[in-house]
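**Student:** upload24.cif (mmCIF, C-alpha atoms) pasted underneath:
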```cif
data_data
#
loop_
_atom_site.label_atom_id
_atom_site.label_comp_id
_atom_site.auth_asym_id
_atom_site.auth_seq_id
_atom_site.Cartn_x
_atom_site.Cartn_y
_atom_site.Cartn_z
CA MET T 1 -5.61 32.30 -45.70
CA SER T 2 -6.86 34.95 -43.27
CA SER T 3 -9.27 37.59 -44.48
CA GLU T 4 -8.47 41.30 -44.49
CA PRO T 5 -9.53 43.02 -41.22
CA THR T 6 -12.69 45.06 -41.74
CA ILE T 7 -11.74 47.83 -39.28
CA SER T 8 -9.11 50.40 -40.17
CA LEU T 9 -7.67 52.41 -37.29
CA TYR T 10 -6.07 55.65 -38.44
CA ASP T 11 -3.11 56.58 -36.28
CA ILE T 12 -0.06 58.86 -36.13
CA PRO T 13 3.38 57.34 -36.77
CA SER T 14 6.40 58.09 -34.64
CA ALA T 15 10.17 58.00 -34.87
CA LEU T 16 10.50 56.11 -31.60
CA PRO T 17 12.99 53.22 -31.52
CA SER T 18 10.14 50.73 -31.38
CA ALA T 19 8.35 52.31 -34.37
CA PRO T 20 5.87 51.84 -35.83
CA TYR T 21 4.53 52.86 -32.46
CA SER T 22 1.87 55.42 -31.76
CA PRO T 23 2.72 58.36 -29.51
CA SER T 24 -0.94 59.43 -29.21
CA PRO T 25 -2.85 58.64 -25.98
CA ASN T 26 -6.20 59.23 -27.65
CA VAL T 27 -5.49 56.67 -30.35
CA TRP T 28 -4.18 54.28 -27.72
CA LYS T 29 -7.57 54.32 -26.04
CA ILE T 30 -9.06 52.79 -29.17
CA ARG T 31 -6.16 50.42 -29.82
CA TYR T 32 -6.54 49.13 -26.27
CA ALA T 33 -10.31 48.85 -26.81
CA LEU T 34 -10.01 46.93 -30.09
CA ASN T 35 -7.45 44.53 -28.65
CA PHE T 36 -9.47 44.09 -25.45
CA LYS T 37 -12.53 43.20 -27.51
CA GLY T 38 -10.54 40.81 -29.69
CA LEU T 39 -11.57 42.63 -32.87
CA GLU T 40 -9.38 42.35 -35.93
CA TYR T 41 -8.19 45.62 -37.36
CA LYS T 42 -5.32 47.16 -39.26
CA THR T 43 -3.44 50.37 -38.56
CA VAL T 44 -3.23 53.03 -41.24
CA TRP T 45 -0.50 55.58 -40.52
CA VAL T 46 -1.34 59.24 -41.17
CA GLU T 47 0.98 62.21 -40.66
CA TYR T 48 -0.53 65.19 -38.85
CA PRO T 49 -0.81 67.47 -41.94
CA ASP T 50 -2.67 64.69 -43.76
CA ILE T 51 -5.44 64.23 -41.19
CA LYS T 52 -7.78 66.90 -42.57
CA PRO T 53 -7.33 65.66 -46.19
CA LEU T 54 -8.11 62.15 -44.91
CA TYR T 55 -11.42 63.33 -43.47
CA GLU T 56 -12.23 65.04 -46.75
CA LYS T 57 -11.32 61.95 -48.77
CA LEU T 58 -13.53 59.73 -46.59
CA GLY T 59 -16.32 62.27 -46.40
CA ALA T 60 -16.16 62.08 -42.62
CA PRO T 61 -17.57 64.90 -40.49
CA ALA T 62 -15.41 66.14 -37.63
CA ALA T 63 -16.82 65.13 -34.25
CA LEU T 64 -15.11 68.01 -32.47
CA THR T 65 -14.79 71.74 -33.01
CA LYS T 66 -12.05 74.24 -32.22
CA PRO T 67 -12.69 77.18 -29.86
CA ASP T 68 -13.44 79.37 -32.89
CA GLY T 69 -16.15 76.93 -34.01
CA THR T 70 -14.31 75.47 -37.00
CA PRO T 71 -14.09 71.67 -37.42
CA PHE T 72 -11.30 69.93 -35.49
CA HIS T 73 -9.99 67.07 -37.57
CA THR T 74 -8.20 64.68 -35.27
CA LEU T 75 -7.39 61.05 -34.64
CA PRO T 76 -8.45 58.43 -33.69
CA LEU T 77 -10.71 57.70 -36.60
CA ILE T 78 -11.99 54.28 -37.62
CA LEU T 79 -13.51 52.99 -40.82
CA ASP T 80 -15.54 49.82 -40.38
CA ALA T 81 -15.98 48.27 -43.83
CA SER T 82 -18.46 45.71 -42.48
CA THR T 83 -20.99 48.45 -41.67
CA GLY T 84 -19.71 51.39 -43.72
CA ALA T 85 -19.40 53.45 -40.53
CA ILE T 86 -16.75 56.15 -40.16
CA VAL T 87 -16.42 57.23 -36.55
CA SER T 88 -14.07 59.75 -34.92
CA GLU T 89 -13.35 60.81 -31.32
CA SER T 90 -12.41 58.11 -28.84
CA PHE T 91 -15.52 58.17 -26.62
CA ALA T 92 -17.83 57.97 -29.66
CA ILE T 93 -15.75 55.14 -31.14
CA ALA T 94 -15.88 53.20 -27.86
CA GLN T 95 -19.69 53.50 -27.78
CA TYR T 96 -19.87 52.39 -31.42
CA LEU T 97 -17.75 49.31 -30.73
CA ASP T 98 -19.92 48.22 -27.80
CA LYS T 99 -23.11 48.73 -29.79
CA THR T 100 -21.89 47.10 -33.01
CA TYR T 101 -20.05 44.18 -31.42
CA PRO T 102 -22.18 43.27 -28.38
CA ASN T 103 -20.78 39.74 -28.10
CA THR T 104 -17.34 41.01 -27.16
CA PRO T 105 -16.09 42.23 -23.76
CA ARG T 106 -17.92 45.40 -22.84
CA LEU T 107 -16.18 48.74 -22.44
CA PHE T 108 -19.26 50.08 -20.65
CA PRO T 109 -20.66 47.19 -18.55
CA LEU T 110 -23.67 49.28 -17.50
CA GLY T 111 -24.45 50.32 -21.07
CA PRO T 112 -25.78 53.66 -22.40
CA PRO T 113 -27.25 54.83 -19.07
CA SER T 114 -23.66 55.13 -17.80
CA TYR T 115 -22.46 57.35 -20.68
CA PRO T 116 -23.09 60.67 -18.87
CA LEU T 117 -21.12 59.42 -15.87
CA HIS T 118 -18.24 58.37 -18.12
CA ALA T 119 -18.32 61.76 -19.85
CA ALA T 120 -18.10 63.44 -16.44
CA PHE T 121 -15.18 61.16 -15.54
CA THR T 122 -13.34 62.26 -18.69
CA THR T 123 -13.86 65.95 -17.91
CA ALA T 124 -12.65 65.52 -14.33
CA PHE T 125 -9.70 63.36 -15.38
CA ARG T 126 -8.49 65.81 -18.00
CA SER T 127 -8.68 68.60 -15.43
CA GLN T 128 -6.62 66.59 -12.94
CA ILE T 129 -3.85 65.85 -15.43
CA ALA T 130 -3.61 69.36 -16.94
CA PRO T 131 -0.07 69.91 -15.55
CA LEU T 132 1.11 66.80 -17.45
CA PHE T 133 0.87 68.37 -20.90
CA GLN T 134 3.81 70.73 -20.41
CA PHE T 135 5.97 67.58 -20.19
CA THR T 136 4.35 65.22 -22.65
CA LEU T 137 3.54 67.57 -25.55
CA PRO T 138 7.19 68.64 -26.06
CA ALA T 139 8.30 65.02 -25.64
CA MET T 140 5.68 63.86 -28.14
CA HIS T 141 6.90 66.50 -30.59
CA ARG T 142 10.38 65.00 -30.39
CA ALA T 143 8.95 61.51 -30.89
CA LEU T 144 7.10 62.38 -34.11
CA THR T 145 8.44 61.94 -37.61
CA PRO T 146 9.73 65.02 -39.48
CA GLY T 147 6.53 64.95 -41.55
CA SER T 148 4.47 65.80 -38.46
CA GLN T 149 6.79 67.79 -36.21
CA GLY T 150 6.33 71.21 -37.78
CA TYR T 151 2.55 70.95 -37.89
CA PHE T 152 2.37 69.63 -34.33
CA ASN T 153 4.53 72.43 -32.97
CA ALA T 154 2.57 75.09 -34.85
CA THR T 155 -0.81 73.84 -33.62
CA LYS T 156 0.00 72.71 -30.06
CA ALA T 157 2.44 75.31 -28.67
CA SER T 158 -0.44 77.62 -27.79
CA ILE T 159 -1.70 75.01 -25.31
CA LEU T 160 1.41 75.74 -23.25
CA GLY T 161 1.15 79.49 -23.87
CA ALA T 162 4.58 79.54 -25.49
CA PRO T 163 6.02 80.32 -28.96
CA THR T 164 7.20 76.72 -29.31
CA LEU T 165 6.63 73.50 -27.41
CA GLU T 166 10.27 73.49 -26.35
CA ASP T 167 9.86 76.97 -24.88
CA GLY T 168 6.90 75.73 -22.87
CA GLU T 169 8.70 72.74 -21.36
CA PRO T 170 9.75 73.24 -17.72
CA LYS T 171 13.47 73.07 -17.07
CA GLY T 172 15.85 73.06 -14.14
CA ALA T 173 14.39 73.39 -10.65
CA LYS T 174 11.01 74.29 -12.11
CA ARG T 175 10.78 70.86 -13.76
CA ALA T 176 10.75 69.03 -10.44
CA GLU T 177 8.30 71.55 -9.02
CA GLU T 178 5.89 71.12 -11.93
CA TRP T 179 6.19 67.32 -11.83
CA GLU T 180 4.96 67.44 -8.24
CA LYS T 181 1.79 69.04 -9.61
CA VAL T 182 1.37 66.08 -11.95
CA LYS T 183 1.75 63.75 -8.96
CA ALA T 184 -0.86 65.71 -7.04
CA GLY T 185 -3.28 65.25 -9.92
CA PHE T 186 -2.79 61.49 -9.95
CA ASP T 187 -3.07 61.39 -6.16
CA GLY T 188 -6.51 62.91 -6.55
CA ILE T 189 -7.50 60.43 -9.26
CA ALA T 190 -6.40 57.51 -7.09
CA LYS T 191 -8.91 58.57 -4.42
CA TRP T 192 -11.81 58.13 -6.84
CA SER T 193 -11.80 54.36 -6.33
CA GLY T 194 -10.05 53.91 -3.01
CA LYS T 195 -6.68 52.70 -1.82
CA GLY T 196 -5.47 49.36 -3.15
CA HIS T 197 -7.77 49.31 -6.17
CA THR T 198 -6.54 48.65 -9.69
CA PHE T 199 -9.81 49.20 -11.56
CA PHE T 200 -12.17 52.14 -11.42
CA VAL T 201 -15.39 50.13 -11.87
CA GLY T 202 -15.71 46.74 -10.21
CA ASP T 203 -12.98 44.14 -10.59
CA ALA T 204 -12.44 44.12 -14.36
CA ILE T 205 -11.20 46.40 -17.14
CA SER T 206 -13.66 49.02 -18.39
CA TRP T 207 -13.48 52.33 -20.23
CA PRO T 208 -12.10 54.48 -17.36
CA ASP T 209 -9.18 52.05 -16.94
CA ILE T 210 -8.43 52.24 -20.64
CA GLU T 211 -8.69 56.02 -20.66
CA VAL T 212 -6.35 56.51 -17.71
CA GLY T 213 -4.07 53.71 -18.88
CA ALA T 214 -3.61 55.36 -22.27
CA PHE T 215 -2.30 58.53 -20.63
CA VAL T 216 -0.05 56.60 -18.24
CA LEU T 217 1.32 54.77 -21.27
CA TRP T 218 1.88 58.19 -22.88
CA ILE T 219 4.15 59.16 -20.00
CA ARG T 220 6.16 55.97 -20.30
CA THR T 221 6.31 56.12 -24.11
CA VAL T 222 7.27 59.71 -24.86
CA LEU T 223 9.27 60.53 -21.73
CA GLY T 224 10.90 57.09 -21.74
CA GLU T 225 11.12 54.21 -19.28
CA ASP T 226 14.49 55.48 -18.08
CA SER T 227 13.29 59.03 -17.43
CA ALA T 228 13.18 60.37 -13.89
CA GLU T 229 9.53 61.24 -14.45
CA TRP T 230 8.45 57.71 -15.36
CA LYS T 231 10.54 56.16 -12.59
CA ALA T 232 8.72 58.41 -10.13
CA ALA T 233 5.24 57.93 -11.66
CA SER T 234 5.59 54.15 -11.64
CA THR T 235 5.79 54.25 -7.81
CA TRP T 236 2.96 56.68 -7.17
CA ASN T 237 -0.04 55.47 -5.15
CA GLU T 238 1.60 52.19 -4.19
CA GLY T 239 2.53 51.52 -7.81
CA ARG T 240 -1.07 51.69 -8.99
CA TRP T 241 -0.35 53.22 -12.39
CA ALA T 242 2.45 50.81 -13.28
CA ARG T 243 0.15 48.01 -12.12
CA LEU T 244 -2.60 49.29 -14.42
CA LEU T 245 -0.22 49.12 -17.39
CA ASP T 246 0.69 45.57 -16.39
CA VAL T 247 -3.00 44.62 -16.52
CA LEU T 248 -3.38 46.31 -19.92
CA ALA T 249 -0.12 44.84 -21.30
CA PRO T 250 -1.85 41.97 -23.19
CA TYR T 251 -3.71 44.62 -25.20
CA GLU T 252 -0.61 46.71 -25.93
CA VAL T 253 -0.32 45.35 -29.47
CA VAL T 254 0.09 47.44 -32.61
CA LYS T 255 -1.50 45.60 -35.54
CA VAL T 256 -0.39 46.82 -38.95
#
```
Could you show the structure in this file as structure tokens?

**Tutor:**
Amino acid sequence: MSSEPTISLYDIPSALPSAPYSPSPNVWKIRYALNFKGLEYKTVWVEYPDIKPLYEKLGAPAALTKPDGTPFHTLPLILDASTGAIVSESFAIAQYLDKTYPNTPRLFPLGPPSYPLHAAFTTAFRSQIAPLFQFTLPAMHRALTPGSQGYFNATKASILGAPTLEDGEPKGAKRAEEWEKVKAGFDGIAKWSGKGHTFFVGDAISWPDIEVGAFVLWIRTVLGEDSAEWKAASTWNEGRWARLLDVLAPYEVVKV
């Protein structure tokens, strides 16, 4: 009889056809990481309005703050019963996993000295993909369960500078024009490691691959494999991004 996994990964449920399936790229970073490391864990589903009460119940401090300085309660969040640690924010969780489970595949092969470089990578990456959110946030809203949709729309529409996420989604001729901006962002990212490369560091999976892969998976998941956007993205940069998902496919497992 197998023992209960000691790590709980708190995640957001969806109404996607393959549910339970997470629509969150930030949680997918940690799911990829846990699966890559071969660590046993279980998924605990939490609707968006219940995230802050979850933090309060666990006595967990928020790792991030909103622009007004108030705590930003978000997922992913893990609870590791073997150590008693409660860790939030994907980069912090990844560091914790490497430190706590050193005999597993490393997310950061060069260790703590490389953390500032990885943090800079994240900042640059998020800047490059900024045009993506006007497509994926409305699509993610549609993919959520009714228990999360209202909260998500109320808290995320401002990112698109619109009254609602649907209002902020590009339509008609503008949609194709804006998607070209997304392509331009990924074209820039592809240049960071040279033509023909699959990985960003060396010849094996590491944290940048997981980070980028989680957002590529987000495109495929919430926009759909049959969408014009995914069909285009899967061919960009000689198929690099679809190839990255193929490499990460063994770790695309949702454990419940």

**Student:** List every protein, DNA or RNA residue that has at least one atom no more than 12 Å from (-20.7, 47.7, -36.0) in the file's coordinates, counting only C-alpha atoms, and write the result as a list of chain:residue names.

**Tutor:**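 Checking each residue against the 12 Å limit leaves T:Thr6, T:Ile7, T:Leu39, T:Ile78, T:Leu79, T:Asp80, T:Ala81, T:Ser82, T:Thr83, T:Gly84, T:Ala85, T:Ile86, T:Val87, T:Ile93, T:Ala94, T:Gln95, T:Tyr96, T:Leu97, T:Asp98, T:Lys99, T:Thr100, T:Tyr101, T:Pro102, T:Asn103, T:Thr104.
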
**Student:** Taking (-5.5, 50.6, -28.5) in the file's coordinates, which residues come within 9 Å, counting only C-alpha atoms, written as a ChimeraX atom specification?

**Tutor:** /T:25-36,210,214,251-254

**Student:** May I have the residues from that selection written out with C-alpha atoms, as a tab-separated table (two decimals), in the coordinates of the input?

**Tutor:**
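What landed in part29.tsv:
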```tsv
chain	number	residue	atom	x	y	z
T	25	PRO	CA	-2.85	58.64	-25.98
T	26	ASN	CA	-6.20	59.23	-27.65
T	27	VAL	CA	-5.49	56.67	-30.35
T	28	TRP	CA	-4.18	54.28	-27.72
T	29	LYS	CA	-7.57	54.32	-26.04
T	30	ILE	CA	-9.06	52.79	-29.17
T	31	ARG	CA	-6.16	50.42	-29.82
T	32	TYR	CA	-6.54	49.13	-26.27
T	33	ALA	CA	-10.31	48.85	-26.81
T	34	LEU	CA	-10.01	46.93	-30.09
T	35	ASN	CA	-7.45	44.53	-28.65
T	36	PHE	CA	-9.47	44.09	-25.45
T	210	ILE	CA	-8.43	52.24	-20.64
T	214	ALA	CA	-3.61	55.36	-22.27
T	251	TYR	CA	-3.71	44.62	-25.20
T	252	GLU	CA	-0.61	46.71	-25.93
T	253	VAL	CA	-0.32	45.35	-29.47
T	254	VAL	CA	0.09	47.44	-32.61
```

**Student:** Go through segment 80-171 of chain T residue by residue and, counting all atoms listed in the file, keep those with an atom at most 8 Å from segment 219-238 of chain T; for each kept residue give the shortest atom pair and its distance in Å to one decimal, ordered by chain and increasing number, as JSON lines.

**Tutor:**
```
{"residue": "T:Phe135", "atom": "CA", "partner": "T:Leu223", "partner_atom": "CA", "distance": 7.9}
{"residue": "T:Thr136", "atom": "CA", "partner": "T:Val222", "partner_atom": "CA", "distance": 6.6}
{"residue": "T:Ala139", "atom": "CA", "partner": "T:Val222", "partner_atom": "CA", "distance": 5.5}
{"residue": "T:Met140", "atom": "CA", "partner": "T:Val222", "partner_atom": "CA", "distance": 5.5}
{"residue": "T:Ala143", "atom": "CA", "partner": "T:Val222", "partner_atom": "CA", "distance": 6.5}
```

**Student:** Generate a file of the selected residues that holds C-alpha atoms, formatted as a PDB file, keeping the file's coordinate frame.

**Tutor:**
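So the final result, stored in result_2.pdb, reads:
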```
ATOM      1  CA  PHE T 135       5.970  67.580 -20.190  1.00  0.00           C
ATOM      2  CA  THR T 136       4.350  65.220 -22.650  1.00  0.00           C
ATOM      3  CA  ALA T 139       8.300  65.020 -25.640  1.00  0.00           C
ATOM      4  CA  MET T 140       5.680  63.860 -28.140  1.00  0.00           C
ATOM      5  CA  ALA T 143       8.950  61.510 -30.890  1.00  0.00           C
TER       6      ALA T 143
END
```

**Student:** Compile a residue-level contact table for segment 160-202 of chain T against segment 115-123 of chain T at a cut-off of 12 Å, reporting for every qualifying residue the shortest atom pair and its distance in Å to one decimal, with only C-alpha atoms counted, rows ordered by chain and ascending number, as a tab-separated table.

**Tutor:**
```
residue	atom	partner	partner_atom	distance
T:Ile189	CA	T:Phe121	CA	9.9
T:Trp192	CA	T:Phe121	CA	9.8
T:Ser193	CA	T:Phe121	CA	11.9
T:Phe200	CA	T:Phe121	CA	10.4
T:Val201	CA	T:His118	CA	10.7
```

**Student:** Restricting the calculation to only C-alpha atoms, which member of T:Tyr10, T:Leu64, T:Leu77, T:Pro250 is positioned closest to Ile205 of chain T?

**Tutor:** T:Pro250
